[in-house]
file work.cif (mmCIF, C-alpha atoms)
data_input
loop_
_atom_site.label_atom_id
_atom_site.label_comp_id
_atom_site.auth_asym_id
_atom_site.auth_seq_id
_atom_site.Cartn_x
_atom_site.Cartn_y
_atom_site.Cartn_z
CA MET I 1 -28.40 15.25 -14.83
CA ASN I 2 -25.88 17.85 -13.67
CA THR I 3 -22.35 17.11 -12.46
CA SER I 4 -23.13 16.82 -8.75
CA GLU I 5 -26.11 14.56 -9.44
CA LEU I 6 -23.96 12.39 -11.71
CA VAL I 7 -21.27 12.01 -9.03
CA GLU I 8 -23.89 11.12 -6.41
CA TYR I 9 -25.46 8.60 -8.80
CA GLN I 10 -22.08 6.94 -9.50
CA GLN I 11 -21.33 6.68 -5.80
CA LYS I 12 -24.69 5.05 -5.09
CA VAL I 13 -24.20 2.52 -7.88
CA GLU I 14 -20.70 1.64 -6.65
CA ALA I 15 -21.89 1.34 -3.06
CA TYR I 16 -24.71 -1.01 -4.10
CA ILE I 17 -22.37 -3.21 -6.15
CA LYS I 18 -19.86 -3.44 -3.28
CA GLU I 19 -22.58 -4.10 -0.69
CA HIS I 20 -23.86 -7.09 -2.66
CA LYS I 21 -20.32 -8.27 -3.54
CA MET I 22 -20.92 -8.07 -7.29
CA THR I 23 -17.69 -6.28 -8.31
CA ASP I 24 -15.95 -9.42 -9.59
CA LEU I 25 -19.07 -10.52 -11.46
CA PHE I 26 -19.33 -7.24 -13.36
CA GLU I 27 -15.60 -7.25 -14.12
CA ASN I 28 -15.74 -10.81 -15.45
CA LEU I 29 -18.85 -10.16 -17.54
CA THR I 30 -17.24 -7.09 -19.08
CA ARG I 31 -14.06 -9.05 -19.78
CA LEU I 32 -16.08 -11.82 -21.43
CA LEU I 33 -17.83 -9.30 -23.69
CA VAL I 34 -14.58 -7.65 -24.76
CA LEU I 35 -12.83 -10.96 -25.48
CA SER I 36 -15.77 -12.76 -27.13
CA LYS I 37 -17.36 -9.78 -29.00
CA PRO I 38 -20.73 -11.60 -29.50
CA GLN I 39 -23.13 -10.30 -32.15
CA ASP I 40 -25.96 -10.45 -29.61
CA PRO I 41 -24.44 -9.23 -26.32
CA LEU I 42 -27.69 -9.49 -24.34
CA THR I 43 -28.34 -13.14 -25.22
CA PHE I 44 -24.67 -13.92 -24.63
CA LEU I 45 -24.76 -12.46 -21.10
CA ILE I 46 -27.99 -14.29 -20.27
CA ASP I 47 -26.42 -17.60 -21.38
CA VAL I 48 -23.29 -16.90 -19.31
CA LEU I 49 -25.31 -16.08 -16.19
CA GLU I 50 -27.59 -19.10 -16.56
CA ASN I 51 -24.61 -21.43 -16.92
CA ARG I 52 -22.15 -19.55 -14.75
CA ARG I 53 -19.72 -21.63 -12.74
CA VAL I 54 -18.65 -20.38 -9.36
CA GLN I 55 -15.46 -22.44 -9.62
CA ARG I 56 -12.16 -20.70 -10.28
CA LEU I 57 -10.10 -21.71 -13.30
CA ILE I 58 -6.30 -21.85 -13.11
CA LEU I 59 -4.16 -22.73 -16.14
CA VAL I 60 -0.67 -24.21 -15.84
CA ALA I 61 1.44 -24.90 -18.93
CA GLY I 62 5.07 -25.29 -19.99
CA VAL I 63 8.07 -27.50 -19.03
CA VAL I 64 8.23 -31.27 -18.72
CA ALA I 65 4.93 -32.86 -17.67
CA THR I 66 6.29 -34.61 -14.57
CA THR I 67 7.66 -31.41 -13.01
CA ARG I 68 4.52 -29.46 -13.84
CA GLN I 69 2.25 -32.21 -12.54
CA GLU I 70 3.97 -32.34 -9.16
CA ILE I 71 3.35 -28.61 -8.74
CA VAL I 72 -0.26 -28.87 -9.93
CA VAL I 73 -1.14 -31.80 -7.65
CA SER I 74 0.29 -30.01 -4.63
CA LEU I 75 -1.83 -26.93 -5.36
CA ALA I 76 -4.97 -28.97 -6.06
CA ASN I 77 -4.69 -30.83 -2.75
CA LEU I 78 -4.21 -27.60 -0.85
CA PHE I 79 -7.17 -25.72 -2.37
CA ASN I 80 -9.52 -28.65 -3.18
CA TYR I 81 -9.31 -28.06 -6.93
CA LYS I 82 -10.08 -30.59 -9.63
CA VAL I 83 -7.16 -31.34 -11.98
CA ILE I 84 -7.51 -31.86 -15.73
CA THR I 85 -4.26 -33.09 -17.27
CA VAL I 86 -3.79 -33.12 -21.03
CA GLU I 87 -0.95 -35.68 -20.89
CA ASP I 88 -3.15 -38.19 -19.05
CA HIS I 89 -5.38 -38.40 -22.13
CA PHE I 90 -2.91 -37.81 -24.98
CA LYS I 91 0.17 -39.99 -24.62
CA SER I 92 1.82 -38.57 -27.75
CA HIS I 93 3.73 -35.30 -27.39
CA TRP I 94 2.64 -34.19 -30.89
CA VAL I 95 -1.14 -33.90 -30.89
CA ASN I 96 -3.78 -32.12 -32.93
CA ASP I 97 -5.06 -28.85 -31.40
CA ASP I 98 -8.69 -29.58 -32.29
CA LYS I 99 -8.61 -32.88 -30.41
CA VAL I 100 -7.07 -31.24 -27.35
CA ASN I 101 -9.68 -28.47 -27.41
CA GLU I 102 -12.53 -30.96 -27.66
CA PHE I 103 -11.08 -32.93 -24.73
CA ILE I 104 -10.79 -29.82 -22.53
CA HIS I 105 -14.33 -28.72 -23.36
CA ALA I 106 -15.75 -32.15 -22.52
CA GLU I 107 -13.79 -32.40 -19.26
CA LEU I 108 -14.89 -28.95 -18.06
CA LYS I 109 -18.51 -29.95 -18.51
CA LYS I 110 -18.01 -32.93 -16.18
CA ILE I 111 -16.50 -31.04 -13.23
CA GLU I 112 -18.36 -31.80 -10.01
CA LYS I 113 -19.73 -28.78 -8.13
CA HIS I 114 -18.07 -29.59 -4.80
CA PHE I 115 -14.65 -28.60 -6.14
CA ARG I 116 -13.72 -24.98 -5.34
CA GLY I 117 -11.83 -24.62 -8.59
CA VAL I 118 -10.22 -26.32 -11.58
CA ILE I 119 -6.56 -26.51 -12.62
CA ILE I 120 -5.84 -27.46 -16.22
CA SER I 121 -2.32 -28.84 -16.57
CA GLY I 122 -0.59 -28.64 -19.95
CA TYR I 123 -3.04 -26.23 -21.57
CA PRO I 124 -3.11 -23.89 -23.45
CA ASN I 125 0.16 -24.37 -25.29
CA ASN I 126 -0.41 -22.04 -28.23
CA ILE I 127 -2.55 -19.22 -29.58
CA LYS I 128 -5.14 -21.51 -31.17
CA GLN I 129 -5.84 -23.29 -27.87
CA ALA I 130 -5.98 -19.97 -25.99
CA TYR I 131 -8.47 -18.46 -28.42
CA TYR I 132 -10.61 -21.60 -28.30
CA LEU I 133 -10.93 -21.36 -24.52
CA GLN I 134 -11.99 -17.72 -24.80
CA SER I 135 -14.49 -18.54 -27.55
CA LEU I 136 -16.31 -20.80 -25.09
CA GLY I 137 -16.81 -17.80 -22.79
CA ILE I 138 -14.43 -19.39 -20.26
CA ILE I 139 -11.99 -16.95 -18.68
CA GLN I 140 -9.16 -18.13 -16.47
CA GLU I 141 -8.39 -16.35 -13.23
CA ARG I 142 -4.66 -16.93 -13.58
CA PHE I 143 -2.24 -18.53 -16.02
CA PHE I 144 1.03 -19.90 -14.64
CA TYR I 145 3.67 -20.65 -17.27
CA LEU I 146 6.58 -22.84 -16.17
CA GLU I 147 9.68 -22.52 -18.32
CA SER I 148 13.16 -24.06 -18.22
CA ASP I 149 16.59 -23.05 -19.48
CA LEU I 150 17.38 -23.72 -23.13
CA ASP I 151 19.88 -26.53 -22.43
CA PHE I 152 17.35 -28.45 -20.34
CA CYS I 153 14.66 -28.09 -23.03
CA ARG I 154 17.10 -29.18 -25.72
CA GLN I 155 18.05 -32.33 -23.78
CA TYR I 156 14.39 -33.15 -23.25
CA TYR I 157 13.50 -32.86 -26.94
CA GLU I 158 16.55 -34.87 -27.96
CA GLN I 159 15.16 -37.77 -25.92
CA ILE I 160 11.76 -37.79 -27.65
CA SER I 161 12.70 -36.62 -31.18
CA SER I 162 14.12 -38.60 -34.09
CA SER I 163 16.35 -35.88 -35.54
CA GLN I 164 18.13 -32.64 -34.66
CA GLU I 165 15.85 -30.83 -37.09
CA GLU I 166 12.83 -31.88 -35.00
CA VAL I 167 14.58 -30.64 -31.86
CA ASN I 168 15.26 -27.23 -33.39
CA LYS I 169 11.69 -26.95 -34.66
CA ALA I 170 10.33 -27.79 -31.21
CA LEU I 171 12.50 -25.18 -29.50
CA THR I 172 11.49 -22.51 -32.03
CA ARG I 173 7.83 -23.44 -31.69
CA ASP I 174 7.98 -23.19 -27.89
CA ARG I 175 9.63 -19.78 -28.06
CA LEU I 176 7.04 -18.40 -30.47
CA ASN I 177 4.14 -19.97 -28.57
CA LYS I 178 5.30 -18.41 -25.32
CA LYS I 179 5.47 -14.99 -26.98
CA ASP I 180 1.91 -15.43 -28.32
CA LEU I 181 0.59 -16.49 -24.91
CA GLU I 182 2.26 -13.50 -23.23
CA TYR I 183 0.53 -11.23 -25.72
CA ILE I 184 -2.90 -12.78 -25.16
CA TYR I 185 -2.85 -13.11 -21.37
CA GLY I 186 -0.72 -10.09 -20.46
CA SER I 187 -0.83 -9.35 -16.73
CA TYR I 188 -2.87 -12.53 -16.06
CA MET I 189 0.17 -14.68 -16.92
CA ASP I 190 2.94 -15.38 -14.41
CA ILE I 191 6.20 -17.00 -15.59
CA PHE I 192 8.38 -19.18 -13.35
CA ASN I 193 11.73 -20.66 -14.36
CA THR I 194 12.02 -24.19 -12.95
CA SER I 195 15.75 -24.27 -13.69
CA LYS I 196 16.45 -21.29 -11.43
CA ARG I 197 13.90 -21.80 -8.64
CA THR I 198 13.11 -24.84 -6.55
CA LYS I 199 9.82 -26.63 -6.95
CA GLU I 200 8.91 -25.83 -3.34
CA ASP I 201 9.62 -22.13 -3.89
CA ILE I 202 7.40 -22.02 -6.99
CA ILE I 203 4.55 -23.81 -5.19
CA GLU I 204 4.76 -21.39 -2.27
CA ASN I 205 4.74 -18.39 -4.60
CA ILE I 206 1.72 -19.64 -6.56
CA LYS I 207 -0.11 -20.39 -3.28
CA GLN I 208 0.40 -16.79 -2.22
CA ILE I 209 -0.88 -15.51 -5.57
CA ILE I 210 -4.05 -17.63 -5.43
CA ARG I 211 -4.70 -16.63 -1.83
CA LEU I 212 -4.05 -12.98 -2.65
CA ARG I 213 -6.73 -13.12 -5.33
CA ASP I 214 -9.18 -14.29 -2.69
CA ARG I 215 -8.90 -11.02 -0.84
CA LYS I 216 -9.88 -7.46 -1.72
CA PHE I 217 -8.03 -4.46 -0.36
CA PRO I 218 -10.12 -1.34 -0.89
CA PRO I 219 -7.94 1.70 -0.14
CA LEU I 220 -8.79 3.96 2.78
CA ARG I 221 -9.65 6.91 0.50
CA PHE I 222 -9.39 7.81 -3.17
CA PRO I 223 -5.63 7.62 -3.74
CA ARG I 224 -3.50 9.26 -6.43
CA VAL I 225 -0.78 6.92 -7.68
CA ALA I 226 2.01 7.75 -10.15
CA ILE I 227 3.89 4.96 -11.93
CA VAL I 228 7.36 6.08 -13.06
CA ARG I 229 9.22 3.97 -15.60
CA PRO I 230 12.45 3.94 -17.63
CA PRO I 231 12.33 5.78 -20.99
CA GLY I 232 10.74 3.75 -23.79
CA LEU I 233 9.81 0.77 -21.60
CA LYS I 234 6.10 1.13 -20.96
CA GLU I 235 4.76 -2.46 -21.16
CA ARG I 236 5.14 -3.47 -17.49
CA ALA I 237 3.99 -0.05 -16.26
CA ASN I 238 0.85 -0.29 -18.41
CA GLN I 239 0.04 -3.69 -16.95
CA LEU I 240 0.41 -2.38 -13.41
CA ALA I 241 -1.80 0.62 -14.20
CA GLN I 242 -4.54 -1.71 -15.47
CA ILE I 243 -4.29 -3.90 -12.36
CA PHE I 244 -4.34 -0.91 -9.97
CA SER I 245 -7.32 0.56 -11.81
CA LYS I 246 -9.35 -2.64 -11.47
CA ARG I 247 -8.20 -3.53 -7.97
CA TYR I 248 -8.68 -0.13 -6.35
CA GLY I 249 -11.35 1.37 -8.59
CA LEU I 250 -9.04 4.15 -9.84
CA VAL I 251 -9.28 6.10 -13.08
CA GLN I 252 -6.54 4.85 -15.38
CA LEU I 253 -4.45 7.58 -17.03
CA ILE I 254 -1.88 6.27 -19.56
CA THR I 255 0.22 9.14 -20.89
CA PHE I 256 0.81 7.40 -24.24
CA ASP I 257 -2.96 7.02 -24.78
CA ILE I 258 -3.59 10.61 -23.68
CA ILE I 259 -0.98 11.91 -26.14
CA GLN I 260 -2.37 9.83 -29.00
CA GLN I 261 -5.85 11.15 -28.21
CA GLN I 262 -4.54 14.71 -28.49
CA ILE I 263 -3.12 13.90 -31.94
CA GLN I 264 -6.33 12.21 -33.14
CA ASN I 265 -8.52 15.07 -31.91
CA LYS I 266 -6.69 17.37 -34.35
CA GLY I 267 -6.86 20.30 -31.96
CA ALA I 268 -4.31 23.07 -31.58
CA LEU I 269 -1.82 20.83 -29.73
CA GLY I 270 -2.14 17.83 -32.05
CA PRO I 271 0.21 18.94 -34.88
CA LEU I 272 2.83 20.24 -32.43
CA ILE I 273 2.84 16.97 -30.47
CA TYR I 274 2.92 14.90 -33.67
CA ASN I 275 5.86 16.81 -35.14
CA THR I 276 7.76 16.58 -31.85
CA LEU I 277 7.32 12.80 -31.72
CA GLN I 278 8.34 12.45 -35.38
CA LYS I 279 11.66 14.06 -34.45
CA GLU I 280 11.91 11.66 -31.45
CA GLU I 281 12.09 14.65 -29.12
CA GLU I 282 10.46 15.18 -25.73
CA ILE I 283 7.11 16.99 -25.63
CA PRO I 284 7.59 20.39 -23.91
CA ASN I 285 6.92 20.28 -20.16
CA ASP I 286 4.27 23.02 -20.20
CA ILE I 287 2.24 21.08 -22.76
CA MET I 288 2.55 17.77 -20.90
CA ASN I 289 1.70 19.41 -17.57
CA SER I 290 -1.37 21.04 -19.11
CA ILE I 291 -2.60 17.77 -20.63
CA VAL I 292 -2.10 15.82 -17.39
CA TYR I 293 -3.69 18.61 -15.33
CA THR I 294 -6.87 18.37 -17.42
CA GLU I 295 -7.07 14.61 -16.86
CA VAL I 296 -6.47 14.57 -13.09
CA LEU I 297 -9.02 17.36 -12.58
CA SER I 298 -11.85 15.48 -14.31
CA THR I 299 -14.87 14.73 -12.13
CA GLU I 300 -14.29 10.98 -12.28
CA ALA I 301 -10.60 11.26 -11.36
CA ARG I 302 -11.32 13.57 -8.43
CA THR I 303 -14.07 11.33 -7.02
CA LYS I 304 -12.42 7.92 -7.59
CA GLY I 305 -8.73 8.69 -7.43
CA TRP I 306 -6.33 7.93 -10.27
CA VAL I 307 -3.30 5.97 -11.39
CA LEU I 308 -1.04 7.93 -13.76
CA GLU I 309 1.44 5.93 -15.86
CA GLY I 310 4.55 7.34 -17.54
CA PHE I 311 4.61 10.67 -15.73
CA PRO I 312 6.62 12.52 -14.45
CA LYS I 313 9.74 12.17 -16.60
CA ASN I 314 11.82 15.04 -15.26
CA GLU I 315 12.16 17.57 -12.43
CA ALA I 316 9.84 20.14 -14.02
CA GLN I 317 7.04 17.60 -14.35
CA LEU I 318 7.73 16.32 -10.84
CA LYS I 319 7.38 19.84 -9.43
CA PHE I 320 4.02 20.19 -11.19
CA LEU I 321 2.81 16.78 -9.98
CA GLU I 322 3.82 17.61 -6.41
CA ALA I 323 0.99 20.17 -6.35
CA GLN I 324 -1.47 17.36 -7.23
CA HIS I 325 -0.73 15.64 -3.89
CA VAL I 326 0.38 12.22 -5.11
CA ASN I 327 -0.08 9.61 -2.38
CA LEU I 328 2.23 6.93 -3.77
CA PHE I 329 5.00 6.77 -6.38
CA VAL I 330 5.53 3.27 -7.81
CA ILE I 331 8.89 3.37 -9.56
CA LEU I 332 10.24 0.70 -11.92
CA ASN I 333 14.01 0.56 -12.25
CA GLU I 334 16.76 -1.90 -13.14
CA ASP I 335 20.50 -2.20 -13.48
CA GLU I 336 21.95 -0.18 -16.35
CA ASP I 337 22.94 -3.21 -18.45
CA VAL I 338 19.42 -4.67 -18.20
CA LEU I 339 17.80 -1.41 -19.32
CA ILE I 340 20.26 -1.04 -22.21
CA ASN I 341 19.57 -4.60 -23.37
CA LYS I 342 15.77 -4.10 -23.20
CA SER I 343 16.08 -0.83 -25.14
CA LYS I 344 18.02 -2.61 -27.88
CA GLN I 345 15.20 -5.12 -28.28
CA LEU I 346 12.57 -2.46 -29.03
CA LYS I 347 10.73 -2.36 -32.36
CA ILE I 348 9.74 0.91 -34.04
CA ASP I 349 7.03 1.91 -36.49
CA PRO I 350 8.87 4.11 -39.05
CA VAL I 351 5.60 5.92 -39.88
CA THR I 352 4.47 6.96 -36.39
CA LYS I 353 7.87 6.63 -34.63
CA ILE I 354 6.11 4.67 -31.86
CA LYS I 355 8.29 2.08 -30.14
CA TYR I 356 7.01 -1.36 -29.10
CA GLU I 357 8.30 -3.88 -26.58
CA LYS I 358 5.80 -6.52 -27.66
CA VAL I 359 4.96 -7.16 -31.28
CA PRO I 360 1.20 -6.50 -31.86
CA LEU I 361 0.26 -9.78 -33.57
CA ASN I 362 -3.36 -8.72 -34.20
CA ASN I 363 -2.38 -5.76 -36.41
CA LYS I 364 -0.87 -7.11 -39.63
CA PRO I 365 -0.26 -3.77 -41.40
CA LEU I 366 1.64 -2.53 -38.35
CA LEU I 367 3.40 -5.87 -37.98
CA ASP I 368 4.65 -5.62 -41.57
CA ARG I 369 6.00 -2.11 -40.97
CA LEU I 370 7.85 -2.71 -37.71
CA GLN I 371 11.64 -2.52 -37.74
CA ASN I 372 14.35 -3.10 -35.17
CA TYR I 373 14.96 0.12 -33.27
CA GLN I 374 18.41 1.31 -34.32
CA ILE I 375 20.44 2.86 -31.52
CA HIS I 376 23.05 4.95 -33.34
CA ASN I 377 24.55 6.47 -30.22
CA GLU I 378 24.87 3.99 -27.36
CA GLN I 379 26.57 6.60 -25.22
CA LEU I 380 23.48 8.79 -25.53
CA LEU I 381 21.32 5.83 -24.46
CA LYS I 382 23.54 5.26 -21.40
CA SER I 383 23.29 8.96 -20.61
CA ARG I 384 19.48 8.81 -20.68
CA ILE I 385 19.45 5.80 -18.37
CA THR I 386 21.91 7.43 -15.97
CA LYS I 387 19.74 10.55 -15.98
CA TYR I 388 16.64 8.43 -15.27
CA GLN I 389 18.28 6.66 -12.34
CA ALA I 390 19.38 10.01 -10.89
CA PHE I 391 15.78 11.20 -11.29
CA VAL I 392 14.59 8.13 -9.33
CA LYS I 393 16.90 9.05 -6.46
CA SER I 394 15.58 12.61 -6.55
CA ILE I 395 11.99 11.35 -6.16
CA GLU I 396 13.05 9.09 -3.28
CA GLN I 397 14.77 11.96 -1.50
CA LYS I 398 11.87 14.36 -1.96
CA PHE I 399 8.93 12.05 -1.13
CA GLY I 400 10.49 9.50 1.23
CA GLU I 401 7.92 7.00 2.52
CA ARG I 402 5.54 7.74 -0.35
CA VAL I 403 7.95 6.06 -2.78
CA GLN I 404 8.36 2.38 -3.55
CA VAL I 405 11.03 1.26 -6.04
CA PHE I 406 10.72 -2.14 -7.75
CA LYS I 407 12.95 -4.06 -10.13
CA LEU I 408 11.48 -4.06 -13.63
CA GLU I 409 12.51 -7.67 -14.26
CA LYS I 410 12.90 -9.30 -10.85
CA ASP I 411 9.95 -8.10 -8.75
CA SER I 412 6.79 -10.12 -9.34
CA THR I 413 3.45 -8.43 -9.94
CA GLU I 414 2.10 -10.05 -6.79
CA ASN I 415 4.90 -8.59 -4.67
CA ILE I 416 4.18 -5.12 -6.06
CA ILE I 417 0.47 -5.54 -5.32
CA ARG I 418 1.14 -6.71 -1.76
CA VAL I 419 3.31 -3.68 -1.03
CA THR I 420 0.82 -1.34 -2.69
CA ASP I 421 -2.05 -2.79 -0.65
CA VAL I 422 -0.19 -1.98 2.55
CA PHE I 423 0.72 1.53 1.47
CA LEU I 424 -2.76 2.50 0.30
CA ASN I 425 -4.14 1.48 3.68
CA ASN I 426 -1.60 3.58 5.57
CA PRO I 427 -3.27 6.81 6.80
CA LYS I 428 0.09 8.66 6.76
CA ILE I 429 0.26 8.83 2.95
CA TYR I 430 -3.01 10.81 2.84
CA ASN I 431 -1.79 13.60 5.12
#
call {"tool": "encode", "arguments": {"input": "work.cif", "output": "structure tokens"}}
result
Amino acid sequence: MNTSELVEYQQKVEAYIKEHKMTDLFENLTRLLVLSKPQDPLTFLIDVLENRRVQRLILVAGVVATTRQEIVVSLANLFNYKVITVEDHFKSHWVNDDKVNEFIHAELKKIEKHFRGVIISGYPNNIKQAYYLQSLGIIQERFFYLESDLDFCRQYYEQISSSQEEVNKALTRDRLNKKDLEYIYGSYMDIFNTSKRTKEDIIENIKQIIRLRDRKFPPLRFPRVAIVRPPGLKERANQLAQIFSKRYGLVQLITFDIIQQQIQNKGALGPLIYNTLQKEEEIPNDIMNSIVYTEVLSTEARTKGWVLEGFPKNEAQLKFLEAQHVNLFVILNEDEDVLINKSKQLKIDPVTKIKYEKVPLNNKPLLDRLQNYQIHNEQLLKSRITKYQAFVKSIEQKFGERVQVFKLEKDSTENIIRVTDVFLNNPKIYN
């Protein structure tokens, strides 16, 4: 099959899947395979399809049960969802994970078909519960985590605990559990602070998210999207690239992954790139432009469109990318003090010199090697951030309406998606 035949074949397959509204099914089946890793994938998929529920699954965990339950009940009444509440069955705050898992499994089996979806309140609370749910082949559509300020949580635990030691253990456990859940669920987890936002505001926001997931926004054409981010802070940009790729059918191009692939291929550029990164220096622009050019010119990228994360980083790269006719720049920015604080929290692998925002819990050798990233020259860090923010303004001035700037910390994923949906359906950006 030659290139043109392959492109035509891919287009026919995609058209058929869209016509019969099977896109979500294929995405969910693929996700189930990746998460479950069954030894017999074919039998696993047959079992899933034979027992497949059409009901949506929403998870809500965190904060005091009464506050969470008020939010959950309001959502369930609005959308006709069945509610499963862990606290209704287990009166004790300290309960065995295995018993909770067994209860959830049994309750899910009893859900009546007339409900459009299911909301589980108070679950999962830790990594063991999360993995158990995935082992059943049950994948949530969304996970809403409700947190509160430290003082509120401390007062709550002081009321139900017998000693200050128990209180401190509970607070530490909650902090570590939240970090684990963020790692597992990634972009499928939304966090709301009940101490800083009203209950009504949170309910309204979650309603919008659930309704947004009901709708698909295929772009008018095959767009080219660039996600620009602050130096060293790639986690949120990676999540957005994954979401855009799935939502709009775009080829996902992560510059970090592309660079690592060049190193692993052991070609002519590999040693040069590796040595440059070891010195914590920037890869030369001509090399980066060449690597990106190869990716965006691939048959799949040209026929589907692409989302490019972590590029451009400077004016020379921007000038190169301008010739690739980018339709939309999604830029992540923040106040200087926020970016400095986030940079100080980075971890670094002393062997590869790769920096991490989130600790990779599933890689113990790497986990043992990671160290706090030492910033020896804070003035240099401030200079880099100032330079980045000036670069953002340069992009805004040059590309005008094709640019959308979002706050790295404050803008929700759903808000970014809503704005992106509108822009990708605006004919002007394709001119």
call {"tool": "atom_distance", "arguments": {"input": "work.cif", "atom1": "atom CA of I:Glu300", "atom2": "atom CA of I:Ile259"}}
result
19.2 Å
call {"tool": "atom_distance", "arguments": {"input": "work.cif", "atom1": "atom CA of I:Val63", "atom2": "atom CA of I:Asn193"}}
result
9.1 Å
call {"tool": "atom_distance", "arguments": {"input": "work.cif", "atom1": "atom CA of I:Gln11", "atom2": "atom CA of I:Gly249"}}
result
11.6 Å
call {"tool": "resolve_selection", "arguments": {"input": "work.cif", "expression": "the PyMOL selection byres ((chain I and resi 366-379) around 10)", "output": "JSON list (two decimals) with C-alpha atoms, in the frame of the given file"}}
result
[["chain", "number", "residue", "atom", "x", "y", "z"],
["I", 340, "ILE", "CA", 20.26, -1.04, -22.21],
["I", 343, "SER", "CA", 16.08, -0.83, -25.14],
["I", 344, "LYS", "CA", 18.02, -2.61, -27.88],
["I", 345, "GLN", "CA", 15.20, -5.12, -28.28],
["I", 346, "LEU", "CA", 12.57, -2.46, -29.03],
["I", 347, "LYS", "CA", 10.73, -2.36, -32.36],
["I", 348, "ILE", "CA", 9.74, 0.91, -34.04],
["I", 349, "ASP", "CA", 7.03, 1.91, -36.49],
["I", 350, "PRO", "CA", 8.87, 4.11, -39.05],
["I", 351, "VAL", "CA", 5.60, 5.92, -39.88],
["I", 353, "LYS", "CA", 7.87, 6.63, -34.63],
["I", 354, "ILE", "CA", 6.11, 4.67, -31.86],
["I", 355, "LYS", "CA", 8.29, 2.08, -30.14],
["I", 356, "TYR", "CA", 7.01, -1.36, -29.10],
["I", 359, "VAL", "CA", 4.96, -7.16, -31.28],
["I", 360, "PRO", "CA", 1.20, -6.50, -31.86],
["I", 361, "LEU", "CA", 0.26, -9.78, -33.57],
["I", 362, "ASN", "CA", -3.36, -8.72, -34.20],
["I", 363, "ASN", "CA", -2.38, -5.76, -36.41],
["I", 364, "LYS", "CA", -0.87, -7.11, -39.63],
["I", 365, "PRO", "CA", -0.26, -3.77, -41.40],
["I", 380, "LEU", "CA", 23.48, 8.79, -25.53],
["I", 381, "LEU", "CA", 21.32, 5.83, -24.46],
["I", 382, "LYS", "CA", 23.54, 5.26, -21.40],
["I", 383, "SER", "CA", 23.29, 8.96, -20.61],
["I", 384, "ARG", "CA", 19.48, 8.81, -20.68],
["I", 385, "ILE", "CA", 19.45, 5.80, -18.37]]
call {"tool": "resolve_selection", "arguments": {"input": "work.cif", "expression": "the PyMOL selection byres ((chain I and resi 180) around 12)", "output": "PyMOL selection string"}}
result
chain I and resi 124-131+173-179+181-186+189+358-362
call {"tool": "residues_near_point", "arguments": {"input": "work.cif", "point": "(9.9, -29.6, -6.5)", "cutoff": "12 Å", "atoms": "all atoms listed in the file", "output": "VMD selection string"}}
result
chain I and resid 66 to 74 194 to 204
call {"tool": "resolve_selection", "arguments": {"input": "work.cif", "expression": "the PyMOL selection byres ((chain I and resi 152) around 12)", "output": "list of chain:residue names"}}
result
I:Val63, I:Val64, I:Glu147, I:Ser148, I:Asp149, I:Leu150, I:Asp151, I:Cys153, I:Arg154, I:Gln155, I:Tyr156, I:Tyr157, I:Glu158, I:Gln159, I:Leu171, I:Asn193, I:Thr194, I:Ser195, I:Lys196
call {"tool": "write_last_selection", "arguments": {"input": "work.cif", "atoms": "C-alpha atoms", "output": "tab-separated table (two decimals), in the frame of the given file"}}
result
chain	number	residue	atom	x	y	z
I	63	VAL	CA	8.07	-27.50	-19.03
I	64	VAL	CA	8.23	-31.27	-18.72
I	147	GLU	CA	9.68	-22.52	-18.32
I	148	SER	CA	13.16	-24.06	-18.22
I	149	ASP	CA	16.59	-23.05	-19.48
I	150	LEU	CA	17.38	-23.72	-23.13
I	151	ASP	CA	19.88	-26.53	-22.43
I	153	CYS	CA	14.66	-28.09	-23.03
I	154	ARG	CA	17.10	-29.18	-25.72
I	155	GLN	CA	18.05	-32.33	-23.78
I	156	TYR	CA	14.39	-33.15	-23.25
I	157	TYR	CA	13.50	-32.86	-26.94
I	158	GLU	CA	16.55	-34.87	-27.96
I	159	GLN	CA	15.16	-37.77	-25.92
I	171	LEU	CA	12.50	-25.18	-29.50
I	193	ASN	CA	11.73	-20.66	-14.36
I	194	THR	CA	12.02	-24.19	-12.95
I	195	SER	CA	15.75	-24.27	-13.69
I	196	LYS	CA	16.45	-21.29	-11.43
call {"tool": "closest_residue", "arguments": {"input": "work.cif", "among": "I:Lys279, I:Lys304, I:Lys313, I:Arg224", "to": "I:Thr352", "atoms": "all atoms listed in the file"}}
result
I:Lys279
call {"tool": "closest_residue", "arguments": {"input": "work.cif", "among": "I:Asn96, I:Gln324, I:Asn80, I:Gln164", "to": "I:Pro312", "atoms": "all atoms listed in the file"}}
result
I:Gln324
call {"tool": "residues_around", "arguments": {"input": "work.cif", "residues": "I:Val251", "least_positions_apart": "5", "cutoff": "9 Å", "atoms": "only C-alpha atoms", "output": "PDB file with C-alpha atoms, keeping the file's coordinate frame"}}
result
ATOM      1  CA  SER I 245      -7.320   0.560 -11.810  1.00  0.00           C
ATOM      2  CA  LYS I 246      -9.350  -2.640 -11.470  1.00  0.00           C
ATOM      3  CA  VAL I 296      -6.470  14.570 -13.090  1.00  0.00           C
ATOM      4  CA  GLU I 300     -14.290  10.980 -12.280  1.00  0.00           C
ATOM      5  CA  ALA I 301     -10.600  11.260 -11.360  1.00  0.00           C
ATOM      6  CA  LYS I 304     -12.420   7.920  -7.590  1.00  0.00           C
ATOM      7  CA  GLY I 305      -8.730   8.690  -7.430  1.00  0.00           C
ATOM      8  CA  TRP I 306      -6.330   7.930 -10.270  1.00  0.00           C
ATOM      9  CA  VAL I 307      -3.300   5.970 -11.390  1.00  0.00           C
ATOM     10  CA  LEU I 308      -1.040   7.930 -13.760  1.00  0.00           C
TER      11      LEU I 308
END
